[in-house]
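Let me begin by presenting the structure, written as structure tokens, before commenting on it.
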Amino acid sequence: MAETVAWQQCSCDVNACITSDSDIHVFVAALKGNTDVVKQLLDKETDANANRIYDDATKLYIAAFDGDTEVVKLLLDNNADVNARRTDIGATPLYVAAQNKHTEVVKLLLDNNADVNARRTDIGATPLYVAAENGHTEVVKLLLDNNADVNASCTDDGATPLYTASFSGYTELVKLLLDNNADVNASCTVDGVTITPLLLAAENGHTELVKLLLDNNVDVNASCTDNGATSLYIAAYNGHKEVVKLLLDNKADAGIRSYDGEKPIDVARRNKHFDVVQFLQ
């Protein structure tokens with residue numbers, strides 16, 4: 001390929017080339033799968049930790065982003081810093097590998113002492129959080145097996161891995177987190193509004209997820225802090241009949257009013273969800 005020839009014929013300082021914005025991608029992305037050329041460059045005393053100018057992403061970070069296991073291994077064998085961060089958001093190679101579901105790269109990084117709980121410096125998200133956010137169950141399991149903090153929350157809104165998995169309705173993943181002692185009632189605060197995983201699941205009509213949370217002793221009557229709506233109120237509002245029935249069967253209080261003074265039956269009637277009204281009478 002043209003990029004390979006360019007590297008083999010390059011007569012300038014190799015480290016200077018690699019620290020440019022484009023050539024660091026040539027090193028990793030354009031040479032993807034061409035480990036012989038990568039070895040040649042490293043044998044020329046190329047700095048394995050050379051970084052990209054605008055965010056200081058290292059070659060290891062970019063290889064982890066691409067999921068190129070062989071290049072990651074080569075870089076680690078040449079003393080690449082496994083925990084080197086980007087300077088803009090503070091993400092590590094492990095974070096980006098977890099984000100992109102590169103399970104083998106995640107395992108390789110962990111085997112080389114990557115910090116399993118390294119947070120982004122802007123929002124405080126961990127590798128476990130981003131894996132849960134994207135529904136990567138196998139990556140989540142691998143991180144948990146390596147002592148990831150199951151309840152580590154983002155610093156901007158307090159969201160936990162369980163919260164973000166509940167937001168997207170990833171029932172299997174939520175079960176995995178709960179089996180590893182995730183806090184079932186951990187809440188998230190967005191624009192001053194505090195919301196729990198159960199409120200999210202009820203709003204979106206995720207019946208199986210609601211059941212799973214209830215089976216794990218979630219607070220069935222927890223309410224949103226802005227309007228006082230409970231999970232039962234929200235499910236009734238949206239006409240989620242099966243969720244309403246499930247909540248009632250688990251002792252949800254149908255008499256709790258929102259801050260506007262409405263009970264779940266009132267909002268169900270107002271929205272013409274008459275099948276839900278029958279459950280609530």
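Residues in the structure tokens are named by chain (A, B, ... in the order shown) and by number from 1 within that chain; ligands are numbered from 1 in the order shown.
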- So which bits of stretch 46-236 of chain A end up alpha helix (DSSP H) when you DSSP the backbone, as an NGL selection string? :A and (59-66 or 69-77 or 93-99 or 103-111 or 127-133 or 137-145 or 161-168 or 171-179 or 197-203 or 207-215 or 231-236)
So that I can see what lies close to A:Leu128, please list as number ranges by chain the residues with an atom at most 7 Å from it, counting only C-alpha atoms and leaving out residues fewer than 6 positions away in the same chain. A: 140, 143, 148, 161
File dump, residues just selected, C-alpha atoms, as a compact mmCIF listing (two decimals), in the first residue's frame:
```
# COMPACT_ATOMS: atom_id res chain seq x y z
CA VAL A 140 -18.97 -5.49 31.03
CA LEU A 143 -14.40 -5.54 33.41
CA ALA A 148 -14.35 -2.71 38.06
CA PRO A 161 -23.60 1.77 34.80
```
Hey, can you check how far atom CA of A:Gln278 sits from atom CA of A:Pro197?
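So the answer is 26.3 Å.
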So which residues touch stretch 187-196 of chain A within 6 Å, counting only C-alpha atoms, skipping near sequence neighbours fewer than 4 positions away, as a CSV table (one decimal) with C-alpha atoms, in the first residue's frame?
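Okay, this is what ended up in out.csv:
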```csv
chain,number,residue,atom,x,y,z
A,157,ASP,CA,-24.9,13.8,36.6
A,158,GLY,CA,-24.3,10.9,39.0
A,159,ALA,CA,-25.3,8.2,36.4
A,224,CYS,CA,-39.0,12.3,40.2
A,225,THR,CA,-37.9,15.3,42.1
A,226,ASP,CA,-39.3,17.9,39.7
```
Surrounding residues of A:Cys154 excluding itself and chain neighbours under 3 positions, 12 Å, only C-alpha atoms, as a PyMOL selection string: chain A and resi 117-130+133+149-151+157-164+186-190
Write out the residues from the selection above, keeping N, CA and C atoms, as a PDB file, in the first residue's frame.
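Output file result-v1.pdb follows:
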```pdb
ATOM      1  N   ASN A 117     -10.593   1.221  36.487  1.00  0.00           N
ATOM      2  CA  ASN A 117     -11.518   2.268  36.944  1.00  0.00           C
ATOM      3  C   ASN A 117     -11.085   3.684  36.532  1.00  0.00           C
ATOM      4  N   ALA A 118     -10.168   3.778  35.576  1.00  0.00           N
ATOM      5  CA  ALA A 118      -9.706   5.102  35.139  1.00  0.00           C
ATOM      6  C   ALA A 118     -10.870   5.886  34.542  1.00  0.00           C
ATOM      7  N   ARG A 119     -11.116   7.070  35.086  1.00  0.00           N
ATOM      8  CA  ARG A 119     -12.251   7.892  34.657  1.00  0.00           C
ATOM      9  C   ARG A 119     -11.829   8.896  33.581  1.00  0.00           C
ATOM     10  N   ARG A 120     -12.748   9.218  32.709  1.00  0.00           N
ATOM     11  CA  ARG A 120     -12.552  10.393  31.878  1.00  0.00           C
ATOM     12  C   ARG A 120     -12.472  11.613  32.792  1.00  0.00           C
ATOM     13  N   THR A 121     -11.663  12.580  32.408  1.00  0.00           N
ATOM     14  CA  THR A 121     -11.490  13.742  33.273  1.00  0.00           C
ATOM     15  C   THR A 121     -12.578  14.784  33.087  1.00  0.00           C
ATOM     16  N   ASP A 122     -13.385  14.674  32.025  1.00  0.00           N
ATOM     17  CA  ASP A 122     -14.422  15.691  31.807  1.00  0.00           C
ATOM     18  C   ASP A 122     -15.732  15.338  32.503  1.00  0.00           C
ATOM     19  N   ILE A 123     -16.197  14.093  32.360  1.00  0.00           N
ATOM     20  CA  ILE A 123     -17.492  13.712  32.935  1.00  0.00           C
ATOM     21  C   ILE A 123     -17.384  12.593  33.964  1.00  0.00           C
ATOM     22  N   GLY A 124     -16.182  12.053  34.134  1.00  0.00           N
ATOM     23  CA  GLY A 124     -15.990  11.030  35.155  1.00  0.00           C
ATOM     24  C   GLY A 124     -16.463   9.637  34.778  1.00  0.00           C
ATOM     25  N   ALA A 125     -16.754   9.409  33.510  1.00  0.00           N
ATOM     26  CA  ALA A 125     -17.217   8.085  33.082  1.00  0.00           C
ATOM     27  C   ALA A 125     -16.069   7.084  33.085  1.00  0.00           C
ATOM     28  N   THR A 126     -16.355   5.854  33.523  1.00  0.00           N
ATOM     29  CA  THR A 126     -15.368   4.782  33.564  1.00  0.00           C
ATOM     30  C   THR A 126     -15.546   3.857  32.357  1.00  0.00           C
ATOM     31  N   PRO A 127     -14.578   2.961  32.111  1.00  0.00           N
ATOM     32  CA  PRO A 127     -14.761   1.960  31.062  1.00  0.00           C
ATOM     33  C   PRO A 127     -16.028   1.120  31.255  1.00  0.00           C
ATOM     34  N   LEU A 128     -16.345   0.776  32.500  1.00  0.00           N
ATOM     35  CA  LEU A 128     -17.555   0.002  32.760  1.00  0.00           C
ATOM     36  C   LEU A 128     -18.797   0.792  32.369  1.00  0.00           C
ATOM     37  N   TYR A 129     -18.803   2.061  32.692  1.00  0.00           N
ATOM     38  CA  TYR A 129     -19.960   2.891  32.345  1.00  0.00           C
ATOM     39  C   TYR A 129     -20.180   2.920  30.837  1.00  0.00           C
ATOM     40  N   VAL A 130     -19.132   3.174  30.081  1.00  0.00           N
ATOM     41  CA  VAL A 130     -19.312   3.317  28.634  1.00  0.00           C
ATOM     42  C   VAL A 130     -19.653   1.981  27.982  1.00  0.00           C
ATOM     43  N   GLU A 133     -23.309   1.578  28.774  1.00  0.00           N
ATOM     44  CA  GLU A 133     -24.070   2.542  27.979  1.00  0.00           C
ATOM     45  C   GLU A 133     -24.329   2.030  26.567  1.00  0.00           C
ATOM     46  N   ASP A 149     -15.368  -1.040  39.492  1.00  0.00           N
ATOM     47  CA  ASP A 149     -16.302  -0.523  40.489  1.00  0.00           C
ATOM     48  C   ASP A 149     -17.695  -0.453  39.863  1.00  0.00           C
ATOM     49  N   VAL A 150     -18.591  -1.329  40.291  1.00  0.00           N
ATOM     50  CA  VAL A 150     -19.900  -1.450  39.662  1.00  0.00           C
ATOM     51  C   VAL A 150     -20.772  -0.224  39.889  1.00  0.00           C
ATOM     52  N   ASN A 151     -20.478   0.530  40.929  1.00  0.00           N
ATOM     53  CA  ASN A 151     -21.303   1.706  41.250  1.00  0.00           C
ATOM     54  C   ASN A 151     -20.598   3.040  40.981  1.00  0.00           C
ATOM     55  N   ASP A 157     -23.443  14.006  36.306  1.00  0.00           N
ATOM     56  CA  ASP A 157     -24.862  13.804  36.604  1.00  0.00           C
ATOM     57  C   ASP A 157     -25.132  12.662  37.585  1.00  0.00           C
ATOM     58  N   GLY A 158     -24.093  11.945  38.005  1.00  0.00           N
ATOM     59  CA  GLY A 158     -24.273  10.860  38.960  1.00  0.00           C
ATOM     60  C   GLY A 158     -24.742   9.552  38.372  1.00  0.00           C
ATOM     61  N   ALA A 159     -24.831   9.465  37.049  1.00  0.00           N
ATOM     62  CA  ALA A 159     -25.316   8.237  36.412  1.00  0.00           C
ATOM     63  C   ALA A 159     -24.333   7.090  36.637  1.00  0.00           C
ATOM     64  N   THR A 160     -24.872   5.923  36.965  1.00  0.00           N
ATOM     65  CA  THR A 160     -24.081   4.719  37.165  1.00  0.00           C
ATOM     66  C   THR A 160     -24.233   3.798  35.958  1.00  0.00           C
ATOM     67  N   PRO A 161     -23.404   2.751  35.865  1.00  0.00           N
ATOM     68  CA  PRO A 161     -23.604   1.771  34.797  1.00  0.00           C
ATOM     69  C   PRO A 161     -25.018   1.174  34.789  1.00  0.00           C
ATOM     70  N   LEU A 162     -25.569   0.906  35.969  1.00  0.00           N
ATOM     71  CA  LEU A 162     -26.925   0.357  36.034  1.00  0.00           C
ATOM     72  C   LEU A 162     -27.943   1.350  35.485  1.00  0.00           C
ATOM     73  N   TYR A 163     -27.771   2.599  35.814  1.00  0.00           N
ATOM     74  CA  TYR A 163     -28.702   3.621  35.330  1.00  0.00           C
ATOM     75  C   TYR A 163     -28.701   3.690  33.804  1.00  0.00           C
ATOM     76  N   THR A 164     -27.503   3.766  33.214  1.00  0.00           N
ATOM     77  CA  THR A 164     -27.447   3.919  31.761  1.00  0.00           C
ATOM     78  C   THR A 164     -27.915   2.662  31.041  1.00  0.00           C
ATOM     79  N   ALA A 186     -29.680   3.643  42.642  1.00  0.00           N
ATOM     80  CA  ALA A 186     -28.786   4.757  42.308  1.00  0.00           C
ATOM     81  C   ALA A 186     -29.442   5.646  41.260  1.00  0.00           C
ATOM     82  N   SER A 187     -29.478   6.935  41.542  1.00  0.00           N
ATOM     83  CA  SER A 187     -30.206   7.864  40.676  1.00  0.00           C
ATOM     84  C   SER A 187     -29.261   8.743  39.864  1.00  0.00           C
ATOM     85  N   CYS A 188     -29.844   9.411  38.893  1.00  0.00           N
ATOM     86  CA  CYS A 188     -29.124  10.346  38.041  1.00  0.00           C
ATOM     87  C   CYS A 188     -29.835  11.695  38.114  1.00  0.00           C
ATOM     88  N   THR A 189     -29.075  12.778  38.108  1.00  0.00           N
ATOM     89  CA  THR A 189     -29.669  14.106  38.168  1.00  0.00           C
ATOM     90  C   THR A 189     -29.353  14.874  36.889  1.00  0.00           C
ATOM     91  N   VAL A 190     -30.373  15.177  36.117  1.00  0.00           N
ATOM     92  CA  VAL A 190     -30.236  15.904  34.853  1.00  0.00           C
ATOM     93  C   VAL A 190     -31.054  17.188  34.942  1.00  0.00           C
TER      94      VAL A 190
END
```
Those of stretch 87-255 of chain A in DSSP strand (DSSP E), formatted as a list in words: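 Here are the strand (DSSP E) residues of stretch 87-255 of chain A: Cys188, Thr189, Val190, Val193, Thr194 and Ile195 of chain A.
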Could you write those residues out with C-alpha atoms, as an mmCIF file, in the first residue's frame?
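Final output, again_12.cif:
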```cif
data_model
loop_
_atom_site.group_PDB
_atom_site.id
_atom_site.type_symbol
_atom_site.label_atom_id
_atom_site.label_comp_id
_atom_site.auth_asym_id
_atom_site.auth_seq_id
_atom_site.Cartn_x
_atom_site.Cartn_y
_atom_site.Cartn_z
ATOM 1 C CA CYS A 188 -29.124 10.346 38.041
ATOM 2 C CA THR A 189 -29.669 14.106 38.168
ATOM 3 C CA VAL A 190 -30.236 15.904 34.853
ATOM 4 C CA VAL A 193 -34.240 16.425 38.093
ATOM 5 C CA THR A 194 -33.383 13.198 39.937
ATOM 6 C CA ILE A 195 -34.480 9.971 38.235
#
```
Quick one: everything within 9 Å of A:Leu198, counting only C-alpha atoms, minus sequence neighbours fewer than 6 positions away in the same chain. Send it as a VMD selection string. chain A and resid 163 166 184 to 185 209 to 210 213 to 214 218 to 220 222 231
Since we have the selection now, will you write its residues out, keeping C-alpha atoms, as a tab-separated table (two decimals), in the first residue's frame?
```
chain	number	residue	atom	x	y	z
A	163	TYR	CA	-28.70	3.62	35.33
A	166	SER	CA	-31.71	0.73	32.37
A	184	VAL	CA	-30.61	-0.73	42.33
A	185	ASN	CA	-31.76	2.70	43.52
A	209	LEU	CA	-36.66	-4.84	33.22
A	210	VAL	CA	-39.22	-3.47	35.68
A	213	LEU	CA	-35.60	-4.28	39.33
A	214	LEU	CA	-38.55	-5.11	41.55
A	218	VAL	CA	-35.97	-1.40	44.22
A	219	ASP	CA	-37.92	1.42	45.89
A	220	VAL	CA	-41.24	1.04	44.09
A	222	ALA	CA	-39.49	6.60	44.49
A	231	SER	CA	-43.10	4.86	38.46
```
Note to self: Nearest residue to A:Val244 out of A:Ser168, A:Asn146, A:Thr207, A:Asn271, using only C-alpha atoms?
What the structure shows: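 Under the stated criterion, the closest residue is A:Thr207.
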Given only C-alpha atoms as the counted atoms, nearest of A:Val82, A:Leu144, A:Ala165, A:Leu94 to A:Gly67:
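For A:Gly67, the nearest of the given residues is A:Leu94.
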**Asked** Near A:Leu232, counting only C-alpha atoms, which residues have an atom at most 7 Å away, once you skip same-chain residues fewer than 3 positions from it, shown as a ChimeraX atom specification?
**Response** /A:235-236,244,247,252,264
Just to be explicit: take each residue in the selection above, keep N, CA and C atoms, and write the result as a PDB file, in the first residue's frame.
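selection-v8.pdb, written as the output of this step:
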```
ATOM      1  N   ALA A 235     -46.006   5.117  34.339  1.00  0.00           N
ATOM      2  CA  ALA A 235     -46.514   4.008  33.531  1.00  0.00           C
ATOM      3  C   ALA A 235     -47.973   4.237  33.157  1.00  0.00           C
ATOM      4  N   ALA A 236     -48.760   4.748  34.092  1.00  0.00           N
ATOM      5  CA  ALA A 236     -50.167   5.052  33.814  1.00  0.00           C
ATOM      6  C   ALA A 236     -50.290   6.165  32.774  1.00  0.00           C
ATOM      7  N   VAL A 244     -48.016  -1.261  34.754  1.00  0.00           N
ATOM      8  CA  VAL A 244     -48.909  -0.816  35.829  1.00  0.00           C
ATOM      9  C   VAL A 244     -49.318  -2.002  36.696  1.00  0.00           C
ATOM     10  N   LEU A 247     -46.382  -3.235  38.825  1.00  0.00           N
ATOM     11  CA  LEU A 247     -46.093  -2.317  39.927  1.00  0.00           C
ATOM     12  C   LEU A 247     -47.123  -2.452  41.049  1.00  0.00           C
ATOM     13  N   ALA A 252     -47.007  -0.935  44.762  1.00  0.00           N
ATOM     14  CA  ALA A 252     -46.904   0.481  44.425  1.00  0.00           C
ATOM     15  C   ALA A 252     -48.130   1.198  44.980  1.00  0.00           C
ATOM     16  N   PRO A 264     -52.223   8.466  39.769  1.00  0.00           N
ATOM     17  CA  PRO A 264     -52.061   7.692  38.544  1.00  0.00           C
ATOM     18  C   PRO A 264     -53.368   7.473  37.788  1.00  0.00           C
TER      19      PRO A 264
END
```
### Message
Given only C-alpha atoms as the basis, pick out the residue of A:Ile256, A:Ala202, A:Val277, A:Val96 nearest to A:His240.
### Response
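Closest to A:His240, using only C-alpha atoms: A:Ala202.
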Next on the checklist: Measuring between only C-alpha atoms, which one of A:Glu262, A:Glu104, A:Asp215, A:Asp179 shows the shortest distance to A:Asp68?
Outcome noted: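 Distance minimum relative to A:Asp68 lands on A:Glu104.
Take the candidates A:Glu138, A:Glu203, A:Asp275, A:Asp56 and check each one against A:Arg86 using only C-alpha atoms; the shortest distance goes to A:Asp56.
Of note, atom CA of A:Tyr95 and atom CA of A:Tyr170 are spaced 19.9 Å apart.
Closest to A:Leu212 among A:Asp183, A:Asp266, A:Asp249, A:Glu172 is A:Glu172, based on only C-alpha atoms.
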